[in-house]
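Structure file entry.cif; described as mmCIF, C-alpha atoms.
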data_structure
#
loop_
_atom_site.label_atom_id
_atom_site.label_comp_id
_atom_site.auth_asym_id
_atom_site.auth_seq_id
_atom_site.Cartn_x
_atom_site.Cartn_y
_atom_site.Cartn_z
CA MET A 1 96.22 182.92 150.13
CA SER A 2 93.05 184.97 150.50
CA ALA A 3 92.06 187.43 147.80
CA THR A 4 92.65 190.35 150.16
CA SER A 5 96.28 189.54 150.91
CA PHE A 6 97.74 189.72 147.40
CA TRP A 7 99.99 192.59 148.51
CA LYS A 8 101.76 190.18 150.88
CA ALA A 9 102.29 187.51 148.23
CA LYS A 10 103.12 189.52 145.12
CA THR A 11 105.68 192.11 144.14
CA LEU A 12 104.45 195.34 142.64
CA GLU A 13 105.51 194.07 139.20
CA GLN A 14 103.43 190.88 139.61
CA MET A 15 100.18 192.67 140.42
CA THR A 16 97.29 192.91 138.02
CA PRO A 17 96.20 196.41 137.02
CA ALA A 18 93.22 196.16 139.41
CA GLU A 19 95.44 195.04 142.30
CA TRP A 20 97.90 197.85 141.56
CA GLU A 21 95.16 200.48 141.56
CA SER A 22 93.71 199.14 144.81
CA LEU A 23 97.02 199.79 146.60
CA CYS A 24 96.18 203.50 146.50
CA ASP A 25 94.69 204.25 149.92
CA GLY A 26 92.95 207.42 148.70
CA CYS A 27 94.82 209.78 151.04
CA GLY A 28 95.48 212.34 148.28
CA ARG A 29 98.87 213.26 149.71
CA CYS A 30 100.74 212.52 146.48
CA CYS A 31 98.46 215.02 144.72
CA LEU A 32 99.76 217.95 146.75
CA ASN A 33 102.15 220.40 145.15
CA LYS A 34 105.69 220.08 146.36
CA LEU A 35 108.59 222.50 146.10
CA GLU A 36 112.08 221.18 145.44
CA ASP A 37 115.27 222.97 146.44
CA TRP A 38 117.34 222.98 143.24
CA ASP A 39 120.63 222.87 145.17
CA THR A 40 119.87 220.16 147.75
CA GLY A 41 116.98 218.24 146.19
CA GLU A 42 115.07 218.63 149.47
CA ILE A 43 111.30 218.45 149.09
CA ALA A 44 109.02 220.92 150.87
CA TRP A 45 105.34 220.01 151.06
CA THR A 46 102.47 222.42 150.56
CA ASN A 47 98.79 221.97 151.28
CA ILE A 48 98.03 223.10 147.73
CA ALA A 49 96.18 220.35 145.90
CA CYS A 50 96.27 219.61 142.21
CA ARG A 51 93.32 221.24 140.53
CA LEU A 52 91.91 217.80 139.71
CA LEU A 53 91.88 216.57 143.31
CA ASP A 54 88.46 216.42 144.93
CA GLY A 55 89.08 217.76 148.44
CA GLU A 56 86.29 215.66 149.97
CA SER A 57 86.84 212.24 148.38
CA CYS A 58 90.63 212.77 147.96
CA ARG A 59 90.37 211.22 144.51
CA CYS A 60 91.19 212.60 141.08
CA THR A 61 88.18 214.04 139.31
CA ASP A 62 89.53 212.99 135.89
CA TYR A 63 91.88 210.09 136.65
CA ASP A 64 91.88 208.55 133.16
CA ASN A 65 92.80 211.85 131.48
CA ARG A 66 94.84 213.44 134.28
CA GLN A 67 98.15 213.46 132.45
CA ALA A 68 96.66 215.20 129.42
CA THR A 69 95.08 217.84 131.66
CA VAL A 70 98.01 218.16 134.09
CA PRO A 71 101.18 217.44 132.07
CA ASP A 72 103.42 217.22 135.15
CA CYS A 73 101.19 214.61 136.81
CA ILE A 74 103.29 211.50 137.36
CA GLY A 75 101.69 208.18 136.46
CA LEU A 76 103.21 205.94 139.11
CA THR A 77 104.70 202.64 137.95
CA PRO A 78 106.39 199.82 139.90
CA ALA A 79 109.79 200.94 138.60
CA GLN A 80 109.26 204.48 139.89
CA VAL A 81 108.28 203.59 143.46
CA ASP A 82 111.93 203.21 144.43
CA THR A 83 112.98 206.47 142.79
CA ILE A 84 110.26 208.91 143.86
CA THR A 85 111.44 210.32 147.16
CA TRP A 86 108.27 212.21 147.97
CA LEU A 87 105.86 209.29 148.28
CA PRO A 88 104.37 209.56 151.77
CA PRO A 89 105.77 207.07 154.29
CA THR A 90 102.27 205.62 154.65
CA CYS A 91 101.81 205.07 150.89
CA GLY A 92 100.69 201.53 150.07
CA TYR A 93 102.96 201.35 147.03
CA ARG A 94 105.96 202.39 149.09
CA LEU A 95 105.11 200.03 151.97
CA VAL A 96 104.72 196.98 149.72
CA HIS A 97 107.91 197.85 147.84
CA GLU A 98 109.77 198.03 151.17
CA GLY A 99 108.33 194.69 152.34
CA ALA A 100 106.13 196.27 155.02
CA ASP A 101 102.46 195.58 155.62
CA LEU A 102 99.64 198.04 155.03
CA TYR A 103 98.29 200.06 157.94
CA TRP A 104 95.03 199.08 159.66
CA TRP A 105 93.23 202.00 158.06
CA HIS A 106 94.12 201.07 154.47
CA PRO A 107 90.90 200.15 152.62
CA LEU A 108 92.35 196.76 151.63
CA VAL A 109 92.81 195.92 155.32
CA SER A 110 89.80 197.68 156.85
CA GLY A 111 87.38 196.98 153.99
CA ASP A 112 86.22 200.59 154.23
CA PRO A 113 87.50 203.50 152.10
CA GLU A 114 86.54 205.92 154.89
CA THR A 115 89.09 204.64 157.43
CA VAL A 116 91.96 206.51 155.74
CA HIS A 117 90.04 209.72 156.47
CA GLU A 118 88.92 208.66 159.95
CA ALA A 119 92.54 207.91 160.86
CA GLY A 120 93.53 211.46 159.88
CA VAL A 121 95.91 210.30 157.16
CA SER A 122 94.17 211.90 154.21
CA VAL A 123 94.17 215.49 153.01
CA ARG A 124 90.39 215.73 153.36
CA GLY A 125 89.45 219.25 154.42
CA ARG A 126 93.07 220.42 154.71
CA THR A 127 93.90 221.74 151.24
CA VAL A 128 93.43 224.63 148.90
CA SER A 129 93.23 224.18 145.15
CA GLU A 130 96.14 225.25 143.01
CA ALA A 131 93.54 227.04 140.88
CA ASP A 132 93.12 229.49 143.78
CA VAL A 133 96.82 230.18 144.49
CA VAL A 134 99.33 232.04 142.35
CA VAL A 135 102.62 230.17 141.92
CA GLU A 136 104.58 233.01 143.51
CA SER A 137 102.66 232.40 146.77
CA PHE A 138 103.22 228.63 147.03
CA GLU A 139 105.84 229.11 149.75
CA ASP A 140 103.11 230.64 151.95
CA TYR A 141 101.41 227.23 152.04
CA LEU A 142 104.23 225.03 153.38
CA VAL A 143 103.20 222.25 155.78
CA ASP A 144 104.87 219.33 157.52
CA TRP A 145 102.14 216.70 157.84
CA PRO A 146 102.02 215.30 154.28
CA GLY A 147 105.53 213.86 154.56
CA GLU A 148 104.99 212.36 157.99
CA ALA A 149 103.62 209.01 159.08
CA VAL A 150 100.46 210.33 160.70
#
Encoded form using structure tokens:
Amino acid sequence: MSATSFWKAKTLEQMTPAEWESLCDGCGRCCLNKLEDWDTGEIAWTNIACRLLDGESCRCTDYDNRQATVPDCIGLTPAQVDTITWLPPTCGYRLVHEGADLYWWHPLVSGDPETVHEAGVSVRGRTVSEADVVVESFEDYLVDWPGEAV
């Protein structure tokens, strides 16, 4: 087994912390605000990014302290991957959990963190910060692409 194919040989629970973190492709889609219908549980995506998301790099600007700054930020764990319905269909955590391989543009496959952006999968350049939008206007920012396999 080569060092770059650990995601094919290990379950999410077997991964080291570094391997786990490297499964994040850097798309930023999980850091978008979502609206949930209380009656149906249906998720509606917005293009409103968490205030900690850097819109260019699509990475958290304060990853280590994000849950203290943003209390509703979810720290993903292997046990949660199966229960969180809004993980994008292209998410590395979701794909590995489902027994699928990573896409060609995933940095672990391509060797380049820019390919997720070049493939058009990331939120780079397509978001507004939640700091600039009042909660009552979130419905004005609904989009389809974050929940799709681009």
> With distances taken over all atoms listed in the file, which of A:Asp62, A:Ser137, A:Ile74, A:Ala9 is nearest to Leu87 in chain A?
Replying inline: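 Nearest candidate to Leu87 in chain A out of A:Asp62, A:Ser137, A:Ile74, A:Ala9: A:Ile74.
When CA of Tyr63 in chain A is paired with CA of Asp132 in chain A, their separation reads 20.7 Å.
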Could you list, with a cut-off of 10 Å and counting only C-alpha atoms, the residues of range 78-147 of chain A near range 16-29 of chain A, each shown with its nearest atom pair and the distance in Å rounded to one decimal, rows sorted by chain and ascending number, as CSV?
residue,atom,partner,partner_atom,distance
A:Pro78,CA,A:Trp20,CA,8.9
A:Trp86,CA,A:Arg29,CA,9.6
A:Leu87,CA,A:Arg29,CA,8.2
A:Pro88,CA,A:Arg29,CA,6.9
A:Thr90,CA,A:Asp25,CA,9.0
A:Cys91,CA,A:Asp25,CA,7.2
A:Gly92,CA,A:Leu23,CA,5.3
A:Tyr93,CA,A:Leu23,CA,6.2
A:Arg94,CA,A:Leu23,CA,9.6
A:Leu95,CA,A:Leu23,CA,9.7
A:Val96,CA,A:Leu23,CA,8.8
A:Leu102,CA,A:Leu23,CA,9.0
A:Tyr103,CA,A:Asp25,CA,9.7
A:Trp105,CA,A:Asp25,CA,8.6
A:His106,CA,A:Asp25,CA,5.6
A:Pro107,CA,A:Asp25,CA,6.2
A:Leu108,CA,A:Ser22,CA,7.4
A:Pro113,CA,A:Gly26,CA,7.5
A:Glu114,CA,A:Gly26,CA,9.0
A:Thr115,CA,A:Asp25,CA,9.4
A:Val116,CA,A:Cys27,CA,6.4
A:His117,CA,A:Cys27,CA,7.2
A:Gly120,CA,A:Cys27,CA,9.1
A:Val121,CA,A:Cys27,CA,6.2
A:Ser122,CA,A:Cys27,CA,3.9
A:Val123,CA,A:Gly28,CA,5.8
A:Arg124,CA,A:Cys27,CA,7.8
A:Thr127,CA,A:Arg29,CA,9.9
A:Trp145,CA,A:Arg29,CA,9.4
A:Pro146,CA,A:Arg29,CA,5.9
A:Gly147,CA,A:Arg29,CA,8.3
> With distances taken over all atoms listed in the file, which of A:Leu142, A:Cys60, A:Val81, A:Ala119 is nearest to Asn33 in chain A?
Replying inline: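 For Asn33 in chain A, the nearest of the candidates is A:Leu142.
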> Quick one: residues within 9 Å of Val70 in chain A, only C-alpha atoms counted, chain neighbours fewer than 2 positions away excluded, as number ranges by chain?
Replying inline: A: 50-52, 65-68, 72-73
>> Residues within 12 Å of (112.8, 221.8, 149.8), file coordinates, counting all atoms listed in the file: what are they? Give the list as a ChimeraX atom specification.
In response: /A:33-46,85-86,139,142-144,147
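The space separating CA of Val133 in chain A from CA of Gly75 in chain A comes to 23.9 Å.
For the residues A:Thr11, A:Gln80, A:Ser110, A:Ser5, ranking by smallest atom-to-atom distance to His97 in chain A using all atoms listed in the file places A:Thr11 first.
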> In Å to one decimal, how far is CA of Ala79 in chain A from CA of Phe138 in chain A?
Replying inline: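 CA of Ala79 in chain A lies 29.7 Å from CA of Phe138 in chain A.
Of the listed residues (A:Ser57, A:Thr69, A:Asn47, A:Thr77), A:Thr77 comes nearest to Glu13 in chain A; the distances count only C-alpha atoms.
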> With all atoms listed in the file as the atoms that count, which of A:Ile48, A:Cys58, A:Cys31, A:Ala100 lies nearest to Trp7 in chain A?
Replying inline: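 Result for the nearest residue to Trp7 in chain A: A:Ala100.
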>> Considering all atoms listed in the file, can you say which of A:Ala49, A:Cys30, A:Leu76, A:Met15 comes closest to Gly125 in chain A?
In response: A:Ala49
